[in-house]
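Containing TSV, C-alpha atoms: input_8.tsv.
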chain	number	residue	atom	x	y	z
A	1	MET	CA	15.32	6.02	-7.20
A	2	ALA	CA	14.22	9.29	-5.52
A	3	ARG	CA	10.89	9.31	-3.67
A	4	GLU	CA	9.50	11.87	-6.12
A	5	ALA	CA	10.28	9.57	-9.07
A	6	ARG	CA	8.66	6.57	-7.36
A	7	THR	CA	5.53	8.60	-6.71
A	8	HIS	CA	5.55	9.77	-10.33
A	9	TYR	CA	5.54	6.21	-11.70
A	10	ALA	CA	3.16	4.84	-9.07
A	11	ILE	CA	0.48	7.39	-9.91
A	12	LEU	CA	1.10	7.04	-13.64
A	13	GLY	CA	0.66	3.28	-13.26
A	14	LEU	CA	-2.64	3.69	-11.41
A	15	LEU	CA	-3.91	5.97	-14.18
A	16	CYS	CA	-2.94	3.32	-16.74
A	17	TRP	CA	-5.15	0.99	-14.74
A	18	LYS	CA	-8.12	3.35	-14.60
A	19	SER	CA	-8.92	7.06	-14.98
A	20	MET	CA	-9.17	8.55	-11.48
A	21	SER	CA	-9.49	11.72	-9.47
A	22	GLY	CA	-6.89	12.61	-6.85
A	23	TYR	CA	-9.34	11.45	-4.20
A	24	ASP	CA	-9.78	8.10	-6.00
A	25	ILE	CA	-6.02	7.60	-5.98
A	26	ARG	CA	-5.78	8.37	-2.29
A	27	LYS	CA	-8.58	5.89	-1.52
A	28	MET	CA	-6.93	3.29	-3.74
A	29	VAL	CA	-3.69	3.62	-1.79
A	30	GLU	CA	-5.52	3.50	1.55
A	31	VAL	CA	-7.80	0.54	0.93
A	32	GLY	CA	-5.85	-1.48	-1.61
A	33	LEU	CA	-2.12	-0.79	-1.41
A	34	SER	CA	-1.38	0.33	2.15
A	35	HIS	CA	0.35	-2.91	3.18
A	36	PHE	CA	3.11	-2.37	0.60
A	37	TRP	CA	2.87	1.23	-0.73
A	38	SER	CA	2.06	4.64	0.69
A	39	GLU	CA	1.60	8.12	-0.72
A	40	SER	CA	0.72	11.24	1.23
A	41	TYR	CA	-2.15	13.44	0.12
A	42	GLY	CA	0.39	16.24	-0.34
A	43	GLN	CA	2.32	14.20	-2.91
A	44	ILE	CA	-0.60	13.07	-5.06
A	45	PHE	CA	-1.90	16.36	-6.45
A	46	PRO	CA	1.47	17.97	-7.29
A	47	THR	CA	2.42	14.74	-9.09
A	48	LEU	CA	-0.84	14.73	-11.04
A	49	ASN	CA	-0.21	18.33	-12.08
A	50	ARG	CA	3.30	17.44	-13.28
A	51	LEU	CA	1.97	14.48	-15.28
A	52	VAL	CA	-0.43	16.86	-17.04
A	53	GLU	CA	2.33	19.42	-17.69
A	54	GLN	CA	4.53	16.68	-19.16
A	55	GLY	CA	1.78	15.48	-21.48
A	56	LEU	CA	1.56	12.10	-19.74
A	57	ALA	CA	-2.00	12.67	-18.49
A	58	THR	CA	-4.98	14.91	-19.17
A	59	ARG	CA	-7.33	16.59	-16.72
A	60	SER	CA	-11.05	17.24	-17.21
A	61	VAL	CA	-14.08	17.99	-15.05
A	62	ASP	CA	-16.42	15.05	-14.50
A	63	PRO	CA	-19.75	16.29	-15.97
A	64	GLY	CA	-21.65	14.22	-13.44
A	65	SER	CA	-20.00	15.81	-10.40
A	66	GLY	CA	-22.21	18.92	-10.30
A	67	ASN	CA	-20.95	21.79	-8.16
A	68	ARG	CA	-18.15	19.63	-6.79
A	69	ARG	CA	-16.37	19.94	-10.15
A	70	ARG	CA	-14.54	16.65	-9.63
A	71	GLN	CA	-11.41	16.57	-11.75
A	72	VAL	CA	-10.58	13.27	-13.43
A	73	TYR	CA	-7.13	12.41	-14.75
A	74	ARG	CA	-6.62	10.14	-17.77
A	75	VAL	CA	-3.35	8.71	-19.04
A	76	THR	CA	-2.23	9.71	-22.55
A	77	ALA	CA	-0.58	7.48	-25.16
A	78	ALA	CA	2.75	9.04	-24.20
A	79	GLY	CA	2.03	8.27	-20.55
A	80	ARG	CA	1.39	4.62	-21.36
A	81	ARG	CA	4.68	4.42	-23.24
A	82	VAL	CA	6.60	5.93	-20.31
A	83	PHE	CA	4.87	3.54	-17.90
A	84	LYS	CA	5.70	0.49	-20.03
A	85	GLU	CA	9.34	1.55	-20.24
A	86	TRP	CA	9.49	1.90	-16.45
A	87	MET	CA	7.91	-1.54	-15.94
A	88	LYS	CA	10.77	-3.11	-17.92
A	89	ARG	CA	13.49	-1.55	-15.75
A	90	PRO	CA	15.02	-3.44	-12.80
A	91	SER	CA	13.27	-2.55	-9.55
A	92	ALA	CA	15.22	-0.89	-6.76
A	93	LEU	CA	15.73	-2.71	-3.49
A	94	PRO	CA	13.29	-1.62	-0.74
A	95	ARG	CA	14.64	1.26	1.34
A	96	LEU	CA	14.19	0.55	5.03
A	97	ARG	CA	13.38	3.23	7.61
A	98	ASP	CA	12.10	1.28	10.61
A	99	GLU	CA	11.73	3.62	13.60
A	100	VAL	CA	11.06	0.84	16.11
A	101	LYS	CA	14.18	-1.11	15.17
A	102	LEU	CA	16.26	2.08	15.30
A	103	LYS	CA	14.95	2.79	18.80
A	104	PHE	CA	15.60	-0.84	19.76
A	105	PHE	CA	19.19	-0.65	18.53
A	106	LEU	CA	19.71	2.59	20.46
A	107	THR	CA	18.59	0.93	23.72
A	108	SER	CA	21.81	-1.13	23.61
A	109	ARG	CA	23.43	1.26	26.10
A	110	GLY	CA	20.38	1.39	28.33
A	111	GLU	CA	18.51	-1.05	30.54
A	112	THR	CA	17.49	-4.45	29.16
A	113	ALA	CA	14.04	-3.88	30.64
A	114	GLU	CA	13.60	-0.85	28.39
A	115	SER	CA	14.54	-2.90	25.31
A	116	ILE	CA	11.98	-5.54	26.28
A	117	ARG	CA	9.28	-2.93	26.92
A	118	LEU	CA	9.86	-1.47	23.46
A	119	LEU	CA	9.64	-4.90	21.85
A	120	GLU	CA	6.51	-5.88	23.74
A	121	ALA	CA	4.71	-2.74	22.58
A	122	TYR	CA	5.87	-3.37	19.01
A	123	GLY	CA	4.72	-6.98	19.23
A	124	ARG	CA	1.22	-5.94	20.32
A	125	GLN	CA	1.03	-3.46	17.45
A	126	GLN	CA	2.17	-6.03	14.89
A	127	ARG	CA	-0.24	-8.70	16.15
A	128	GLU	CA	-3.14	-6.27	15.81
A	129	HIS	CA	-1.97	-5.38	12.29
A	130	LEU	CA	-1.62	-9.07	11.42
A	131	ALA	CA	-5.17	-9.79	12.58
A	132	MET	CA	-6.47	-6.97	10.36
A	133	LEU	CA	-4.53	-8.27	7.35
A	134	LYS	CA	-5.83	-11.79	7.88
A	135	ASP	CA	-9.40	-10.48	8.06
A	136	SER	CA	-8.81	-8.79	4.71
A	137	GLN	CA	-7.38	-12.04	3.34
A	138	THR	CA	-10.55	-13.92	4.30
A	139	ILE	CA	-12.70	-11.33	2.50
A	140	LEU	CA	-10.52	-11.29	-0.63
A	141	GLU	CA	-10.28	-15.08	-0.77
A	142	ALA	CA	-14.05	-15.38	-0.70
A	143	ALA	CA	-14.45	-12.70	-3.38
A	144	TRP	CA	-11.83	-14.33	-5.60
A	145	ARG	CA	-13.22	-17.85	-5.10
A	146	ASP	CA	-16.93	-17.05	-5.44
A	147	GLY	CA	-16.79	-13.95	-7.65
A	148	ASN	CA	-19.08	-12.01	-5.31
A	149	LEU	CA	-18.01	-8.78	-3.64
A	150	SER	CA	-18.96	-8.43	0.02
A	151	ASN	CA	-19.96	-5.15	1.67
A	152	GLU	CA	-16.46	-4.93	3.17
A	153	LEU	CA	-15.11	-4.31	-0.33
A	154	ASP	CA	-17.45	-1.41	-1.09
A	155	GLU	CA	-14.67	1.22	-1.03
A	156	LEU	CA	-12.50	-0.81	-3.38
A	157	LYS	CA	-15.50	-1.62	-5.55
A	158	LYS	CA	-16.41	2.06	-5.96
A	159	THR	CA	-12.85	3.15	-6.63
A	160	LEU	CA	-12.29	0.52	-9.32
A	161	ALA	CA	-15.86	0.44	-10.69
A	162	TRP	CA	-16.07	-3.29	-10.06
A	163	THR	CA	-19.35	-5.15	-10.56
A	164	ASP	CA	-20.90	-7.46	-7.98
A	165	LYS	CA	-20.33	-10.46	-10.23
A	166	GLY	CA	-16.76	-10.40	-11.45
A	167	SER	CA	-15.48	-10.56	-15.00
A	168	PRO	CA	-12.28	-12.55	-15.78
A	169	ALA	CA	-10.30	-9.28	-15.64
A	170	GLN	CA	-11.81	-8.41	-12.26
A	171	THR	CA	-11.08	-11.90	-10.96
A	172	ARG	CA	-7.43	-11.51	-11.96
A	173	GLU	CA	-7.26	-8.12	-10.23
A	174	LEU	CA	-8.66	-9.70	-7.07
A	175	LEU	CA	-5.97	-12.37	-7.27
A	176	MET	CA	-3.26	-9.71	-7.53
A	177	PHE	CA	-4.68	-7.95	-4.47
A	178	LEU	CA	-4.73	-11.26	-2.62
A	179	LEU	CA	-1.16	-12.21	-3.53
A	180	THR	CA	0.28	-8.82	-2.56
A	181	LEU	CA	-1.71	-9.01	0.69
A	182	ARG	CA	-0.13	-12.42	1.36
A	183	SER	CA	3.27	-10.75	1.09
A	184	GLY	CA	2.21	-8.23	3.75
A	185	ILE	CA	0.98	-11.03	6.01
A	186	MET	CA	4.21	-13.01	5.68
A	187	VAL	CA	6.33	-9.93	6.45
A	188	THR	CA	4.22	-9.14	9.52
A	189	GLU	CA	4.41	-12.76	10.71
A	190	ALA	CA	8.19	-12.53	10.43
A	191	ARG	CA	8.19	-9.35	12.55
A	192	VAL	CA	6.13	-11.06	15.23
A	193	ALA	CA	8.46	-14.09	15.22
A	194	TRP	CA	11.49	-11.79	15.52
A	195	VAL	CA	9.93	-9.94	18.47
A	196	ASP	CA	9.23	-13.21	20.30
A	197	GLU	CA	12.77	-14.47	19.67
A	198	ALA	CA	14.43	-11.20	20.69
A	199	ILE	CA	12.39	-10.94	23.90
A	200	SER	CA	13.27	-14.53	24.79
A	201	VAL	CA	16.98	-13.90	24.25
A	202	LEU	CA	16.95	-10.65	26.23
A	203	LYS	CA	15.06	-12.17	29.15
A	204	GLY	CA	17.69	-14.92	29.23
A	205	THR	CA	20.47	-12.36	29.59
A	206	GLN	CA	18.81	-10.84	32.65
A	207	HIS	CA	19.77	-13.92	34.66
A	208	ASP	CA	23.43	-13.97	33.60

Mind turning this structure into structure tokens?
Amino acid sequence: MAREARTHYAILGLLCWKSMSGYDIRKMVEVGLSHFWSESYGQIFPTLNRLVEQGLATRSVDPGSGNRRRQVYRVTAAGRRVFKEWMKRPSALPRLRDEVKLKFFLTSRGETAESIRLLEAYGRQQREHLAMLKDSQTILEAAWRDGNLSNELDELKKTLAWTDKGSPAQTRELLMFLLTLRSGIMVTEARVAWVDEAISVLKGTQHD
């Protein structure tokens, strides 16, 4: 599926979840989905405009936004139908574009020391990312278990209009965030394990 089509359905799906402005969608991607989905700011607004043109969403000015004239997008009945049809289709396999692994592969005709240097830098980056994801897991686990939203979840709370004391629907949403975050953690742990293994193997070849 083309990137444009994936963006189309991703944003349509978020609007089925909740009416949002373009800024709300960007924040949602940044604070809630970034470990498994990304959208650039330049993709969001053209896609929203196309959804309106196709009759899949409407656009109106938030009366409470004052001079800011914040535009809010709402899904239409047709938009919900299109979204439900897409949800039933088989999902495409993830398309991989991993710059670090491409660079690593291309060091095969260079010095082993350069390959190791590249991996060590990647390992440090991934360990830092893993620590951040695990911090988020601790926060989400507490929110899901106790039903109370900590200050660390303020951005997500504002974007999704969550209450401090969760409803059953909010609790389920927290669980979905937690489970998708666990996927990100497991993928990152696998990257770290691969780095450690590859470095060990390469260091062994230096003594051959």

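Of the residues under consideration (A:Leu156, A:Glu120, A:Gly184, A:Gly204), A:Leu156 shows the shortest atom-to-atom contact distance to Arg26 of chain A when counting all atoms listed in the file.
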
Point-to-point distance in Å for atom CA of Gly22 of chain A and atom CA of Arg95 of chain A =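 Computed distance, atom CA of Arg95 of chain A to atom CA of Gly22 of chain A, equals 25.7 Å.
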
Could you tell me which of A:Ala131, A:Ile44, A:Ala193, A:Ala77 comes closest to Thr58 of chain A if we count only C-alpha atoms?
->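 Closest candidate: A:Ala77.
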
Go through A:Ala198, A:Ala142, A:Leu133, A:Leu12 one by one, measure the shortest atom-to-atom distance of each to Phe105 of chain A using all atoms listed in the file, and give the residue with the smallest value.
-> A:Ala198

Spatial neighbours of Leu130 of chain A, max dist 12 Å, all atoms listed in the file, sep filter under 6 positions, as a PyMOL selection string | chain A and resi 35+123-124+136-137+181-193

Polymer residues at most 7 Å from segment 70-75 of chain A, all atoms listed in the file, same-chain spacing of 6 or more positions, as a ChimeraX atom specification = /A:15-16,19-21,56-62

Output file for the selection above: C-alpha atoms, as an mmCIF file, keeping the file's coordinate frame:
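Result file is again-v5.cif:
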data_model
loop_
_atom_site.group_PDB
_atom_site.id
_atom_site.type_symbol
_atom_site.label_atom_id
_atom_site.label_comp_id
_atom_site.auth_asym_id
_atom_site.auth_seq_id
_atom_site.Cartn_x
_atom_site.Cartn_y
_atom_site.Cartn_z
ATOM 1 C CA LEU A 15 -3.910 5.970 -14.180
ATOM 2 C CA CYS A 16 -2.940 3.320 -16.740
ATOM 3 C CA SER A 19 -8.920 7.060 -14.980
ATOM 4 C CA MET A 20 -9.170 8.550 -11.480
ATOM 5 C CA SER A 21 -9.490 11.720 -9.470
ATOM 6 C CA LEU A 56 1.560 12.100 -19.740
ATOM 7 C CA ALA A 57 -2.000 12.670 -18.490
ATOM 8 C CA THR A 58 -4.980 14.910 -19.170
ATOM 9 C CA ARG A 59 -7.330 16.590 -16.720
ATOM 10 C CA SER A 60 -11.050 17.240 -17.210
ATOM 11 C CA VAL A 61 -14.080 17.990 -15.050
ATOM 12 C CA ASP A 62 -16.420 15.050 -14.500
#

Nearest to Thr159 of chain A by atom-to-atom distance, counting only C-alpha atoms, from A:Gly64, A:Pro90, A:Gly32, A:Gly13 | A:Gly32

What is the distance between atom CA of Ser108 of chain A and atom CA of His129 of chain A, in Å to one decimal?
->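 Pair atom CA of Ser108 of chain A / atom CA of His129 of chain A returns 26.7 Å.
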